[in-house]
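Participant: Pasting structure.cif below, which is mmCIF, C-alpha atoms and all ligand atoms.
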data_entry
loop_
_atom_site.label_atom_id
_atom_site.label_comp_id
_atom_site.auth_asym_id
_atom_site.auth_seq_id
_atom_site.Cartn_x
_atom_site.Cartn_y
_atom_site.Cartn_z
CA MET A 1 33.78 -165.50 175.01
CA ALA A 2 32.55 -162.10 176.22
CA LYS A 3 29.93 -162.41 178.91
CA LYS A 4 27.28 -160.37 177.17
CA VAL A 5 23.67 -160.58 178.32
CA GLY A 6 20.56 -159.59 176.39
CA LEU A 7 17.53 -158.48 178.38
CA ILE A 8 14.01 -158.26 176.94
CA GLY A 9 11.85 -156.27 179.34
CA CYS A 10 13.12 -153.61 181.73
CA GLY A 11 10.40 -153.89 184.39
CA ALA A 12 10.52 -155.30 187.91
CA ILE A 13 12.51 -158.47 187.14
CA GLY A 14 14.76 -156.82 184.53
CA THR A 15 15.66 -154.07 186.98
CA VAL A 16 16.61 -156.48 189.82
CA LEU A 17 18.70 -158.46 187.35
CA ALA A 18 20.52 -155.37 186.04
CA ASP A 19 21.13 -154.23 189.60
CA ALA A 20 22.71 -157.62 190.38
CA ILE A 21 25.13 -157.04 187.47
CA GLU A 22 25.90 -153.55 188.81
CA ARG A 23 26.70 -155.05 192.23
CA LYS A 24 28.76 -157.82 190.56
CA VAL A 25 26.51 -160.58 191.92
CA ILE A 26 26.48 -161.52 188.23
CA VAL A 27 29.72 -161.14 186.27
CA CYS A 28 28.82 -159.71 182.87
CA ASP A 29 30.77 -157.46 180.44
CA GLU A 30 27.87 -155.80 178.70
CA LEU A 31 24.10 -155.70 178.96
CA VAL A 32 22.02 -155.17 175.81
CA VAL A 33 18.43 -154.20 176.60
CA PHE A 34 15.19 -154.01 174.65
CA ASP A 35 11.83 -152.80 175.90
CA THR A 36 8.86 -151.84 173.72
CA ASP A 37 8.51 -148.90 176.14
CA ALA A 38 11.75 -147.06 175.33
CA ALA A 39 11.42 -144.90 178.45
CA LYS A 40 11.74 -148.04 180.62
CA ALA A 41 15.00 -148.98 178.91
CA GLN A 42 16.36 -145.45 179.28
CA LYS A 43 15.38 -145.29 182.96
CA LEU A 44 17.19 -148.58 183.58
CA LYS A 45 20.32 -147.45 181.74
CA ARG A 46 20.42 -144.19 183.73
CA SER A 47 20.38 -146.13 187.01
CA LEU A 48 23.46 -148.18 186.04
CA ASN A 49 27.16 -147.39 185.78
CA PHE A 50 28.38 -150.32 183.67
CA ARG A 51 28.13 -150.77 179.88
CA VAL A 52 24.48 -150.88 178.80
CA LYS A 53 23.39 -150.71 175.16
CA ILE A 54 19.74 -149.95 174.34
CA VAL A 55 18.44 -151.52 171.13
CA GLY A 56 15.16 -151.02 169.29
CA SER A 57 14.23 -154.61 168.45
CA VAL A 58 14.87 -158.26 169.25
CA ASP A 59 16.70 -158.56 165.90
CA GLU A 60 19.15 -155.86 167.00
CA LEU A 61 19.50 -157.50 170.39
CA LEU A 62 20.42 -160.84 168.79
CA ALA A 63 22.76 -159.13 166.30
CA ALA A 64 24.81 -158.02 169.34
CA LYS A 65 25.48 -161.76 169.93
CA PRO A 66 24.67 -162.09 173.63
CA LYS A 67 25.70 -165.33 175.32
CA VAL A 68 22.41 -165.46 177.24
CA VAL A 69 19.10 -163.69 176.59
CA VAL A 70 16.66 -163.18 179.46
CA GLU A 71 12.98 -162.71 178.65
CA ALA A 72 11.31 -160.71 181.42
CA ALA A 73 8.60 -159.08 179.32
CA GLY A 74 5.42 -161.17 179.15
CA GLN A 75 3.80 -164.22 177.57
CA GLN A 76 3.04 -162.39 174.32
CA ALA A 77 6.70 -161.46 173.99
CA VAL A 78 7.65 -165.15 174.28
CA ARG A 79 5.10 -166.07 171.59
CA ASP A 80 6.30 -163.25 169.31
CA TYR A 81 10.05 -163.79 169.67
CA TYR A 82 10.37 -167.51 170.39
CA GLU A 83 11.37 -168.63 166.87
CA LYS A 84 13.99 -165.91 166.50
CA LEU A 85 15.39 -166.62 169.93
CA VAL A 86 15.81 -170.37 169.44
CA ALA A 87 17.28 -169.79 165.96
CA SER A 88 20.08 -167.72 167.54
CA ASN A 89 23.17 -169.09 169.27
CA ALA A 90 22.18 -167.64 172.64
CA GLU A 91 20.98 -169.56 175.67
CA ILE A 92 17.47 -168.33 176.50
CA ILE A 93 15.98 -167.79 179.96
CA VAL A 94 12.19 -167.56 179.86
CA MET A 95 10.35 -165.98 182.80
CA SER A 96 6.86 -165.93 181.24
CA THR A 97 6.64 -169.71 181.30
CA GLY A 98 2.89 -169.78 180.64
CA ALA A 99 3.65 -169.21 176.96
CA LEU A 100 5.88 -172.29 176.82
CA LEU A 101 2.95 -174.62 177.50
CA ASN A 102 1.69 -173.97 173.97
CA LEU A 103 5.07 -174.06 172.25
CA ASN A 104 7.44 -176.88 171.48
CA ALA A 105 9.71 -175.87 174.34
CA ASP A 106 12.04 -178.84 174.22
CA ASP A 107 14.91 -176.91 172.64
CA PRO A 108 17.93 -177.46 174.91
CA LYS A 109 18.80 -173.75 174.65
CA VAL A 110 15.54 -172.80 176.40
CA HIS A 111 15.79 -172.60 180.19
CA PHE A 112 13.40 -171.47 182.84
CA PRO A 113 14.11 -170.81 186.50
CA ALA A 114 11.96 -172.17 189.31
CA GLY A 115 10.70 -168.58 189.59
CA ALA A 116 8.49 -167.89 192.56
CA ILE A 117 8.68 -171.52 193.76
CA GLY A 118 11.39 -174.17 194.28
CA GLY A 119 12.03 -177.82 194.96
CA LEU A 120 11.65 -178.62 191.28
CA ASP A 121 14.64 -180.94 191.46
CA ALA A 122 12.77 -183.26 193.85
CA ILE A 123 9.56 -183.04 191.83
CA ALA A 124 11.40 -183.76 188.57
CA ALA A 125 13.13 -186.72 190.24
CA ALA A 126 9.80 -188.10 191.45
CA ALA A 127 8.30 -187.63 187.97
CA ASN A 128 10.75 -190.25 186.68
CA ALA A 129 9.23 -192.83 189.02
CA GLY A 130 5.64 -191.71 188.50
CA ILE A 131 3.53 -188.92 189.97
CA ASP A 132 -0.07 -189.61 190.98
CA GLU A 133 -1.18 -186.07 191.75
CA VAL A 134 0.24 -182.53 191.85
CA THR A 135 -1.67 -179.57 193.25
CA ILE A 136 -0.66 -175.94 193.71
CA THR A 137 -2.69 -173.54 195.79
CA SER A 138 -1.70 -169.91 195.35
CA ARG A 139 -2.96 -167.33 197.81
CA LYS A 140 -2.46 -163.67 197.02
CA ASN A 141 -3.77 -160.32 198.10
CA PRO A 142 -6.56 -159.11 195.75
CA LYS A 143 -4.26 -156.24 194.68
CA ALA A 144 -1.75 -158.78 193.38
CA LEU A 145 -4.51 -160.40 191.31
CA GLY A 146 -6.23 -157.27 190.02
CA LYS A 147 -9.28 -158.05 192.22
CA SER A 148 -11.17 -156.06 194.85
CA ASN A 149 -12.92 -158.73 196.98
CA THR A 150 -13.09 -157.92 200.70
CA GLU A 151 -13.60 -161.54 201.85
CA GLU A 152 -11.44 -164.54 201.01
CA ALA A 153 -12.55 -166.02 197.68
CA THR A 154 -11.45 -168.92 195.48
CA ILE A 155 -11.23 -167.25 192.10
CA TYR A 156 -9.91 -170.14 190.03
CA GLU A 157 -9.80 -173.93 190.06
CA GLY A 158 -8.57 -175.86 187.03
CA THR A 159 -5.58 -176.69 184.86
CA ALA A 160 -2.21 -174.92 184.80
CA LYS A 161 -2.57 -173.99 181.14
CA GLU A 162 -5.87 -172.24 181.76
CA ALA A 163 -4.53 -170.60 184.95
CA ALA A 164 -1.59 -169.16 183.01
CA ARG A 165 -4.00 -167.96 180.31
CA GLN A 166 -6.44 -166.30 182.73
CA PHE A 167 -3.70 -164.86 184.96
CA PRO A 168 -0.80 -164.25 182.56
CA ARG A 169 1.07 -162.04 185.01
CA GLU A 170 0.42 -164.03 188.19
CA MET A 171 0.27 -167.75 187.42
CA ASN A 172 3.44 -168.47 185.44
CA VAL A 173 4.33 -170.37 188.58
CA ALA A 174 1.68 -173.03 187.78
CA ALA A 175 3.03 -173.25 184.22
CA THR A 176 6.56 -173.79 185.52
CA LEU A 177 5.33 -176.67 187.67
CA ALA A 178 3.35 -178.10 184.73
CA LEU A 179 6.46 -178.00 182.51
CA MET A 180 8.35 -180.04 185.14
CA VAL A 181 5.76 -182.81 185.52
CA LYS A 182 4.21 -183.05 182.05
CA PRO A 183 2.29 -185.02 180.88
CA VAL A 184 0.84 -185.19 184.43
CA GLN A 185 -1.81 -182.48 184.85
CA VAL A 186 -1.35 -179.94 187.67
CA LYS A 187 -4.47 -179.04 189.66
CA VAL A 188 -4.41 -175.30 190.36
CA LYS A 189 -6.36 -173.28 192.89
CA VAL A 190 -6.06 -169.49 193.17
CA ILE A 191 -7.33 -167.74 196.30
CA SER A 192 -7.76 -163.98 196.52
CA ASP A 193 -7.34 -163.19 200.23
CA PRO A 194 -7.40 -159.61 201.58
CA LYS A 195 -5.79 -160.80 204.84
CA VAL A 196 -2.45 -161.76 203.27
CA THR A 197 0.39 -159.53 202.17
CA ARG A 198 2.66 -162.28 200.87
CA ASN A 199 2.20 -164.39 197.75
CA THR A 200 2.01 -167.93 199.08
CA HIS A 201 2.26 -171.04 196.96
CA GLU A 202 1.67 -174.46 198.49
CA ILE A 203 2.55 -177.46 196.35
CA ASN A 204 1.47 -181.00 197.21
CA VAL A 205 2.82 -183.97 195.31
CA LYS A 206 1.74 -187.59 195.72
CA TRP A 207 4.15 -189.87 193.93
CA ARG A 208 5.02 -193.53 193.75
CA TYR A 209 7.24 -193.65 196.84
CA GLY A 210 5.91 -190.86 199.06
CA ASP A 211 4.53 -187.38 199.12
CA MET A 212 5.87 -183.82 199.30
CA THR A 213 4.60 -180.53 200.62
CA LEU A 214 6.43 -177.36 199.61
CA ARG A 215 5.38 -173.93 200.76
CA PHE A 216 6.65 -170.51 199.71
CA ALA A 217 5.62 -167.20 201.24
CA ASN A 218 7.13 -164.54 199.01
CA MET A 219 7.09 -160.81 199.45
CA PRO A 220 5.75 -159.15 196.31
CA HIS A 221 8.25 -157.12 194.31
CA PRO A 222 7.92 -153.50 195.55
CA ASP A 223 7.56 -152.16 191.97
CA ASN A 224 5.18 -154.85 190.73
CA PRO A 225 2.82 -156.57 193.21
CA HIS A 226 1.98 -159.23 190.59
CA THR A 227 5.57 -160.51 190.72
CA SER A 228 7.19 -162.29 193.67
CA ALA A 229 10.63 -160.92 194.52
CA LEU A 230 11.99 -164.51 194.55
CA ALA A 231 11.35 -164.84 190.81
CA ALA A 232 14.01 -162.24 189.96
CA TRP A 233 16.53 -163.91 192.26
CA ALA A 234 15.80 -167.27 190.63
CA ALA A 235 16.58 -165.69 187.24
CA ILE A 236 19.82 -164.28 188.64
CA GLN A 237 20.87 -167.71 189.91
CA LEU A 238 20.19 -169.36 186.55
CA LEU A 239 21.95 -166.55 184.67
CA LYS A 240 25.05 -166.99 186.85
CA THR A 241 25.12 -170.70 185.97
CA LEU A 242 24.68 -170.13 182.23
CA LEU A 243 27.40 -167.45 182.10
CA LYS A 244 30.05 -169.75 183.63
N1 LIG A 301 8.23 -167.75 186.34
C1 LIG A 301 7.78 -167.15 187.42
O1 LIG A 301 7.65 -167.73 188.51
C2 LIG A 301 7.46 -165.69 187.33
C3 LIG A 301 7.33 -164.95 188.51
C4 LIG A 301 7.08 -163.58 188.41
C5 LIG A 301 6.90 -163.01 187.16
N2 LIG A 301 6.98 -163.76 186.03
C6 LIG A 301 6.77 -163.18 184.69
O2 LIG A 301 7.93 -162.51 184.23
C7 LIG A 301 7.54 -161.47 183.31
C8 LIG A 301 8.20 -160.15 183.73
O3 LIG A 301 7.75 -159.79 185.02
P1 LIG A 301 7.97 -158.31 185.60
O4 LIG A 301 7.40 -158.31 186.98
O5 LIG A 301 9.35 -157.86 185.37
O6 LIG A 301 6.97 -157.47 184.64
P2 LIG A 301 6.88 -155.89 184.45
O7 LIG A 301 5.50 -155.61 183.96
O8 LIG A 301 7.37 -155.18 185.67
O9 LIG A 301 7.93 -155.60 183.27
C9 LIG A 301 7.75 -156.06 181.95
C10 LIG A 301 8.51 -155.12 181.00
O10 LIG A 301 8.50 -155.71 179.69
C11 LIG A 301 8.15 -154.71 178.74
N3 LIG A 301 7.52 -155.40 177.62
C12 LIG A 301 6.23 -155.85 177.53
N4 LIG A 301 6.04 -156.48 176.35
C13 LIG A 301 7.21 -156.44 175.68
C14 LIG A 301 7.64 -156.93 174.43
N5 LIG A 301 6.82 -157.59 173.61
N6 LIG A 301 8.94 -156.72 174.05
C15 LIG A 301 9.81 -156.05 174.87
N7 LIG A 301 9.43 -155.55 176.07
C16 LIG A 301 8.18 -155.75 176.47
C17 LIG A 301 7.25 -153.75 179.47
O11 LIG A 301 7.24 -152.46 178.86
C18 LIG A 301 7.87 -153.73 180.87
O12 LIG A 301 8.86 -152.74 181.01
C19 LIG A 301 6.00 -161.43 183.37
O13 LIG A 301 5.46 -162.18 182.31
C20 LIG A 301 5.68 -162.13 184.68
O14 LIG A 301 4.40 -162.70 184.70
C21 LIG A 301 7.29 -165.08 186.10
#
If you took the structure in this file and wrote it as structure tokens, what would it be?
Ligand SMILES: NC(=O)c1ccc[n+]([C@@H]2O[C@H](COP(=O)([O-])OP(=O)(O)OC[C@H]3O[C@@H](n4cnc5c(N)ncnc54)[C@H](O)[C@@H]3O)[C@@H](O)[C@H]2O)c1
Facilitator:
Amino acid sequence: MAKKVGLIGCGAIGTVLADAIERKVIVCDELVVFDTDAAKAQKLKRSLNFRVKIVGSVDELLAAKPKVVVEAAGQQAVRDYYEKLVASNAEIIVMSTGALLNLNADDPKVHFPAGAIGGLDAIAAAANAGIDEVTITSRKNPKALGKSNTEEATIYEGTAKEAARQFPREMNVAATLALMVKPVQVKVKVISDPKVTRNTHEINVKWRYGDMTLRFANMPHPDNPHTSALAAWAAIQLLKTLLK
């Protein structure tokens, strides 16, 4: 089967992913791209030397029969295209995981990478035995949160679902964690801190046979400070696996 990839969204993550195909980090015969901003798709195509086809809709993208489709567009895109995507034969990688919390996301064709965090294998393993408490504290520069505070401030405390709703571009990471441990609720804290340049996520898990602390200090993507660079590389890793 031809290793054809469909990409929805040609922004920061989509561009890193396409560049990985160009450099043969990912082996793929053809990339089919769709972006509601046609200029973004054209800019991406111009920067690449392998076969890239620009299409004008998700229907056209699916008609090209990609083996894997990567959503790197936004939560609304997931809500708008979800039914069409799962009705196709493609494997689907969802980056905007916040949208999945409100959908029946149990379709085996739907995958999501760990994104800006990791260690989900250990957390998922512990969830089988029983998790007592999961917390994630995310600390970002105000610029990465669309804020302008000059002193450190806790700007959110609550559930993952609400965090992903209030910060659709920044807190998909909490949604990803919530999808791994559901029905256990994740306690989320978001700190806007002008002293930091990295996006840090600290996860604490108390489970039946121990506890875990995981910490990630990610550089923001240079083109999009809301996105951690690691998220794109997590998508690349998952795409490589699904294309095998
Ligand atoms: N899971 C994670 O840990 C994680 C980490 C970082 C980012 N993300 C999410 O991944 C998504 C992509 O991130 P990014 O940094 O590449 O964003 P970006 O803003 O740089 O790029 C998004 C692109 O999608 C396009 N787009 C928007 N709506 C669309 C639609 N309905 N159909 C087609 N194209 C559309 C935009 O024009 C833009 O070019 C965001 O939702 C972001 O929050 C998830």
Participant: Show me which residues are within 6 Å of ligand LIG 301 (chain A) counting only C-alpha atoms and all ligand atoms, and format the list as a VMD selection string.
Facilitator: chain A and resid 8 to 14 34 to 37 40 72 to 75 77 95 to 97 115 to 116 168 to 170 172 to 173 224 227 to 228 231
Participant: With a distance cut-off of 8 Å and only C-alpha atoms, select the neighbouring residues of A:Glu133, excluding the residue or stretch itself and same-chain residues fewer than 5 positions from it, and output the selection as a short mmCIF file (atom, residue, chain, number, x, y, z; two decimals) with C-alpha atoms, in the coordinates of the input.
Facilitator:
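New file selection21.cif:
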data_model
loop_
_atom_site.label_atom_id
_atom_site.label_comp_id
_atom_site.auth_asym_id
_atom_site.auth_seq_id
_atom_site.Cartn_x
_atom_site.Cartn_y
_atom_site.Cartn_z
CA VAL A 184 0.84 -185.19 184.43
CA GLN A 185 -1.81 -182.48 184.85
CA VAL A 186 -1.35 -179.94 187.67
CA ASN A 204 1.47 -181.00 197.21
CA VAL A 205 2.82 -183.97 195.31
CA LYS A 206 1.74 -187.59 195.72
CA TRP A 207 4.15 -189.87 193.93
#
Participant: At what distance in Å, to one decimal, does atom CA of A:Ile131 lie from atom CA of A:Tyr209?
Facilitator: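 If I compute the distance from atom CA of A:Tyr209 to atom CA of A:Ile131, I get 9.1 Å.
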Participant: Can you pull out the residues contacting A:Glu151? Cut-off 12 Å, using all atoms listed in the file, and skip same-chain residues under 2 positions away; I want them as a VMD selection string.
Facilitator: chain A and resid 141 to 142 147 to 149 153 to 155 191 to 196
Participant: Would you mind reading off the distance between atom CA of A:Gly98 and atom CA of A:Ile236, one decimal, in Å?
Facilitator: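 Between these atoms lies a distance of 19.5 Å.
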Participant: Tell me which protein, DNA and RNA residues are within 7 Å of A:Gly158, counting only C-alpha atoms, leaving out same-chain ones fewer than 5 positions away, and put them as a ChimeraX atom specification.
Facilitator: /A:163,187-189
Participant: Excluding A:Pro220 and any residue of its chain fewer than 3 positions from it, enumerate the residues within 9 Å of it, using only C-alpha atoms, and give them as a list in words.
Facilitator: Ala144, Thr197, Arg198, Asn199, Asp223, Asn224, Pro225, His226, Thr227, Ser228, Ala229 and Leu230 of chain A
Participant: Measuring between all atoms listed in the file, which one of A:Leu214, A:Leu145, A:Leu120, A:Ala178 shows the shortest distance to A:Glu202?
Facilitator: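 Among the listed residues, A:Leu214 lies closest to A:Glu202.
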Participant: Need the shell around A:Glu83: protein/DNA/RNA residues with any atom at most 12 Å away, counting all atoms listed in the file. Skip same-chain ones fewer than 3 positions apart. Format as a PyMOL selection string?
Facilitator: chain A and resi 58-59+77-80+86-88+92+100+103-105+107+109-110
